[in-house]
Amino acid sequence: MSARPTVDQSALLPASLRDDFPILNGDVLAGHPLVFLDNAASTQRPRQVIDAISDVYQRDYANVHRGIHTLSERSTELYEQARENVRSFIGAKHAHEVIFTPGSTASINLVARSWGGENLRAGDEVLTTVMEHHSNLVPWQQIAAQTGAVLRHVPLTDDGRLDMGQFDALLCERTKLVAVASVSNTLGTINPIDEIARKAHAAGAVVLVDAAQSVPHMATDVQASDVDFLAFSGHKMLGPSGVGILYGKESHLDAMPPFLGGGSMINEVRLDSFTPAALPAKFEAGTPPIVPAIGMSAAVDYLNRVGLEAIHHHEQVLTQLAYDALAQIEGLRILGPAPEYRAGLISFAFERIHAHEFAQVLNDQFGVAVRAGHHCTQPLHALLGIPASTRASFYLYNRPEEIDRLIEGIAKVQSMFALKGRRRKRKQ
């Protein structure tokens with residue numbers, strides 16, 4: 001393997017952070033310590049989060065907001081402390097602007113069904129992009145089919161960034177909502193959310209941001225960016241699965257009808273009607289994700305201790321190292337922009353090796369866990385002319401040595417497939 005490219009590594013976080021993650025220190029794949037590079041799909045959990053979850057079940061668990069006994073009061077207090085912790089983490093003005101949901105997908109669907117169903121009419125336009133995750137495409141397709149609204153899609157530049165000239169051309173008085181990812185989960189592209197929100201508001205449109213790939217990795221301030229809605233998930237930021245966040249401006253949430261009906265979301269119920277509860281309960285029908293929310297709060301505490309700016313700089317170093325090394329590999333195509341325009345993930349494709357085959361061998365024989373497939377961005381892959389790609393995504397516990405393992409594994413897998421190809425030719 002060629003020498004590692006020269007990159008200033010002074011911004012790297014201390015390697016001792018890995019000690020907080022039991023799975024990274026105990027699991028072995030193919031005779032190698034686990035190299036986990038599938039963080040864009042879901043991250044690992046530090047001991048502090050695992051302990052917080054265990055402690056609730058052992059000492060404090062009961063249903064929230066309903067009981068007057070001690071355990072319910074303690075559980076309710078922890079649950080609402082988690083809401084306040086998330087509010088501070090994203091810079092929201094009010095805690096009741098923070099809605100706990102099952103995840104980013106549920107958060108976006110809530111807005112599509114509630115805000116979209118109430119505000120979209122035939123001929124109105126929803127402006128999204130060709131790089132969106134299916135979770136930020138399909139809900140708008142569904143609500144457009146119901147309301148008669150029209151979807152428009154911002155195209156990309158040749159290097160995989162949003163074509164802001166085309167954004168300006170598509171944005172018009174018919175645009176009621178702009179729905180955009182802050183970071184592409186396939187290309188890694190960091191989108192100019194502040195600029196998008198400013199232009200959308202000037203045109204009278206509301207802005208929803210799918211922030212699943214940005215909130216865990218860089219500082220977020222919803223008031224500074226002035227977005228109307230923001231969605232993200234706990235499992236992508238060291239927290240448990242089954243919990244996510246919808247942030248919404250108070251004025252929007254107040255005007256939206258409840259999405260789900262049942263317990264907790266009501267103020268009064270009669271046999272033939274009901275009145276909804278105040279925020280945030282109006283959008284948290286039934287028993288909420290109590291323990292996952294508390295675990296997510298512990299993840300927020302952990303990220304705050306490490307520092308989002310430090311995490312972002314750490315990932316920039318790893319991304320530059322990986323990009324430079326991957327760019328030297330013959331027959332490998334990197335998807336998306338240069339490192340200065342991307343977050344901590346790189347997707348790539350091979351000329352003669354399917355992504356699934358490659359990723360399976362890389363995992364089974366070299367202990368390197370990467371993602372293979374269309375990453376829930378089938379329209380984007382179709383535009384790129386490929387059925388699937390391989391994605392390596394980094395987080396605060398990854399190290400430069402793991403980039404070396406990835407590159408070594410790629411070289412060996414390529415050699416294996418090249419040898420198989422020569423053998424097949426000889427048999428023909």
# chains A, B, ... in the order shown; residues from 1 in each chain; ligands from 1
call {"tool": "residues_around", "arguments": {"residues": "region 201-204 of chain A", "least_positions_apart": "5", "cutoff": "8 Å", "atoms": "only C-alpha atoms", "output": "PyMOL selection string"}}
result
chain A and resi 171-173+175-176
call {"tool": "select_by_dssp", "arguments": {"residues": "region 275-382 of chain A", "states": "helix (DSSP H, G or I)", "output": "PyMOL selection string"}}
result
chain A and resi 281-283+290-306+308-326+339-341+355-366+378-382
call {"tool": "select_by_dssp", "arguments": {"residues": "region 205-316 of chain A", "states": "strand (DSSP E)", "output": "VMD selection string"}}
result
chain A and resid 206 to 210 229 to 233 244 to 248 266 to 270 273 to 276
call {"tool": "write_last_selection", "arguments": {"atoms": "C-alpha atoms", "output": "PDB file, in the first residue's frame"}}
result
ATOM      1  CA  VAL A 206     -41.719  27.091   4.690  1.00  0.00           C
ATOM      2  CA  VAL A 207     -38.481  25.094   5.146  1.00  0.00           C
ATOM      3  CA  LEU A 208     -38.094  21.538   6.431  1.00  0.00           C
ATOM      4  CA  VAL A 209     -34.580  20.165   6.958  1.00  0.00           C
ATOM      5  CA  ASP A 210     -33.737  16.480   7.163  1.00  0.00           C
ATOM      6  CA  PHE A 229     -38.934  22.270  10.806  1.00  0.00           C
ATOM      7  CA  LEU A 230     -35.936  20.046  11.528  1.00  0.00           C
ATOM      8  CA  ALA A 231     -35.877  16.249  11.844  1.00  0.00           C
ATOM      9  CA  PHE A 232     -33.201  13.909  13.217  1.00  0.00           C
ATOM     10  CA  SER A 233     -32.747  10.524  14.939  1.00  0.00           C
ATOM     11  CA  GLY A 244     -36.163  10.945  17.034  1.00  0.00           C
ATOM     12  CA  ILE A 245     -36.949  14.627  17.092  1.00  0.00           C
ATOM     13  CA  LEU A 246     -39.183  16.946  15.197  1.00  0.00           C
ATOM     14  CA  TYR A 247     -38.360  20.566  15.893  1.00  0.00           C
ATOM     15  CA  GLY A 248     -40.984  23.000  14.675  1.00  0.00           C
ATOM     16  CA  ILE A 266     -56.051  15.318  24.187  1.00  0.00           C
ATOM     17  CA  ASN A 267     -57.350  17.993  26.493  1.00  0.00           C
ATOM     18  CA  GLU A 268     -60.926  16.682  26.604  1.00  0.00           C
ATOM     19  CA  VAL A 269     -62.696  13.809  24.874  1.00  0.00           C
ATOM     20  CA  ARG A 270     -66.440  13.500  24.301  1.00  0.00           C
ATOM     21  CA  SER A 273     -65.473  15.062  19.472  1.00  0.00           C
ATOM     22  CA  PHE A 274     -62.267  16.034  21.243  1.00  0.00           C
ATOM     23  CA  THR A 275     -60.068  19.032  21.905  1.00  0.00           C
ATOM     24  CA  PRO A 276     -56.314  18.574  21.482  1.00  0.00           C
TER      25      PRO A 276
END
call {"tool": "closest_atom_pairs", "arguments": {"of": "region 1-93 of chain A", "to": "region 379-391 of chain A", "cutoff": "10 Å", "atoms": "only C-alpha atoms", "output": "JSON lines"}}
result
{"residue": "A:Leu37", "atom": "CA", "partner": "A:Arg391", "partner_atom": "CA", "distance": 8.1}
{"residue": "A:Asp38", "atom": "CA", "partner": "A:Arg391", "partner_atom": "CA", "distance": 7.4}
{"residue": "A:Asn39", "atom": "CA", "partner": "A:Arg391", "partner_atom": "CA", "distance": 9.7}
{"residue": "A:Ala40", "atom": "CA", "partner": "A:Arg391", "partner_atom": "CA", "distance": 8.6}
{"residue": "A:Ala41", "atom": "CA", "partner": "A:Arg391", "partner_atom": "CA", "distance": 9.7}
call {"tool": "residues_around", "arguments": {"residues": "Asn85 (chain A)", "least_positions_apart": "5", "cutoff": "9 Å", "atoms": "only C-alpha atoms", "output": "PyMOL selection string"}}
result
chain A and resi 80+90+95+297+300-301
call {"tool": "write_last_selection", "arguments": {"atoms": "N, CA and C atoms", "output": "PDB file, in the first residue's frame"}}
result
ATOM      1  N   GLU A  80     -38.826  14.889  30.659  1.00  0.00           N
ATOM      2  CA  GLU A  80     -38.903  16.307  30.313  1.00  0.00           C
ATOM      3  C   GLU A  80     -37.535  16.987  30.390  1.00  0.00           C
ATOM      4  N   ILE A  90     -29.985  22.005  20.117  1.00  0.00           N
ATOM      5  CA  ILE A  90     -30.233  22.515  18.761  1.00  0.00           C
ATOM      6  C   ILE A  90     -30.582  24.000  18.745  1.00  0.00           C
ATOM      7  N   ALA A  95     -38.936  24.617  24.841  1.00  0.00           N
ATOM      8  CA  ALA A  95     -38.908  23.159  24.955  1.00  0.00           C
ATOM      9  C   ALA A  95     -40.112  22.525  24.267  1.00  0.00           C
ATOM     10  N   SER A 297     -30.874  11.759  25.594  1.00  0.00           N
ATOM     11  CA  SER A 297     -30.366  12.878  26.388  1.00  0.00           C
ATOM     12  C   SER A 297     -28.948  12.604  26.888  1.00  0.00           C
ATOM     13  N   VAL A 300     -26.662  13.242  24.074  1.00  0.00           N
ATOM     14  CA  VAL A 300     -26.441  14.694  23.941  1.00  0.00           C
ATOM     15  C   VAL A 300     -25.386  15.165  24.933  1.00  0.00           C
ATOM     16  N   ASP A 301     -25.482  14.689  26.161  1.00  0.00           N
ATOM     17  CA  ASP A 301     -24.474  15.049  27.169  1.00  0.00           C
ATOM     18  C   ASP A 301     -23.085  14.627  26.717  1.00  0.00           C
TER      19      ASP A 301
END
call {"tool": "atom_distance", "arguments": {"atom1": "CA of Arg161 (chain A)", "atom2": "CA of Glu330 (chain A)"}}
result
24.0 Å
call {"tool": "atom_distance", "arguments": {"atom1": "CA of Val7 (chain A)", "atom2": "CA of Met131 (chain A)"}}
result
29.3 Å
call {"tool": "residues_around", "arguments": {"residues": "region 333-341 of chain A", "least_positions_apart": "2", "cutoff": "7 Å", "atoms": "only C-alpha atoms", "output": "PyMOL selection string"}}
result
chain A and resi 159-161+187-190+319-320+331+347-350
call {"tool": "write_last_selection", "arguments": {"atoms": "N, CA and C atoms", "output": "PDB file, in the first residue's frame"}}
result
ATOM      1  N   ASP A 159     -20.172  18.070  -9.851  1.00  0.00           N
ATOM      2  CA  ASP A 159     -19.381  17.521  -8.743  1.00  0.00           C
ATOM      3  C   ASP A 159     -20.239  17.100  -7.551  1.00  0.00           C
ATOM      4  N   GLY A 160     -21.571  17.069  -7.731  1.00  0.00           N
ATOM      5  CA  GLY A 160     -22.413  16.516  -6.689  1.00  0.00           C
ATOM      6  C   GLY A 160     -22.909  17.492  -5.652  1.00  0.00           C
ATOM      7  N   ARG A 161     -22.883  18.781  -5.951  1.00  0.00           N
ATOM      8  CA  ARG A 161     -23.469  19.777  -5.055  1.00  0.00           C
ATOM      9  C   ARG A 161     -24.799  20.263  -5.623  1.00  0.00           C
ATOM     10  N   LEU A 187     -23.860  11.247  -0.987  1.00  0.00           N
ATOM     11  CA  LEU A 187     -22.767  12.048  -1.553  1.00  0.00           C
ATOM     12  C   LEU A 187     -21.916  12.713  -0.480  1.00  0.00           C
ATOM     13  N   GLY A 188     -22.448  12.870   0.723  1.00  0.00           N
ATOM     14  CA  GLY A 188     -21.733  13.591   1.768  1.00  0.00           C
ATOM     15  C   GLY A 188     -21.810  15.096   1.632  1.00  0.00           C
ATOM     16  N   THR A 189     -22.471  15.588   0.591  1.00  0.00           N
ATOM     17  CA  THR A 189     -22.540  17.018   0.315  1.00  0.00           C
ATOM     18  C   THR A 189     -23.173  17.775   1.470  1.00  0.00           C
ATOM     19  N   ILE A 190     -22.508  18.840   1.913  1.00  0.00           N
ATOM     20  CA  ILE A 190     -23.069  19.735   2.921  1.00  0.00           C
ATOM     21  C   ILE A 190     -23.810  20.844   2.183  1.00  0.00           C
ATOM     22  N   THR A 319     -11.905  12.205   6.654  1.00  0.00           N
ATOM     23  CA  THR A 319     -12.459  12.276   5.300  1.00  0.00           C
ATOM     24  C   THR A 319     -11.387  12.631   4.290  1.00  0.00           C
ATOM     25  N   GLN A 320     -10.526  13.573   4.628  1.00  0.00           N
ATOM     26  CA  GLN A 320      -9.456  13.951   3.717  1.00  0.00           C
ATOM     27  C   GLN A 320      -8.505  12.781   3.492  1.00  0.00           C
ATOM     28  N   GLY A 331      -9.886   2.257 -11.125  1.00  0.00           N
ATOM     29  CA  GLY A 331     -11.178   1.610 -11.298  1.00  0.00           C
ATOM     30  C   GLY A 331     -12.206   1.949 -10.244  1.00  0.00           C
ATOM     31  N   SER A 347     -18.970   7.715  -0.493  1.00  0.00           N
ATOM     32  CA  SER A 347     -19.512   6.587  -1.248  1.00  0.00           C
ATOM     33  C   SER A 347     -18.705   6.428  -2.526  1.00  0.00           C
ATOM     34  N   PHE A 348     -18.532   5.179  -2.947  1.00  0.00           N
ATOM     35  CA  PHE A 348     -17.734   4.925  -4.135  1.00  0.00           C
ATOM     36  C   PHE A 348     -18.259   3.686  -4.846  1.00  0.00           C
ATOM     37  N   ALA A 349     -17.885   3.558  -6.089  1.00  0.00           N
ATOM     38  CA  ALA A 349     -18.346   2.427  -6.903  1.00  0.00           C
ATOM     39  C   ALA A 349     -17.181   1.910  -7.740  1.00  0.00           C
ATOM     40  N   PHE A 350     -17.262   0.630  -8.115  1.00  0.00           N
ATOM     41  CA  PHE A 350     -16.236  -0.009  -8.934  1.00  0.00           C
ATOM     42  C   PHE A 350     -16.773  -0.299 -10.324  1.00  0.00           C
TER      43      PHE A 350
END
call {"tool": "closest_residue", "arguments": {"among": "A:Ala255, A:Ala212, A:Val222, A:Ala62", "to": "Gly117 (chain A)", "atoms": "only C-alpha atoms"}}
result
A:Ala255
call {"tool": "atom_distance", "arguments": {"atom1": "CA of Ser214 (chain A)", "atom2": "CA of Ser182 (chain A)"}}
result
6.3 Å
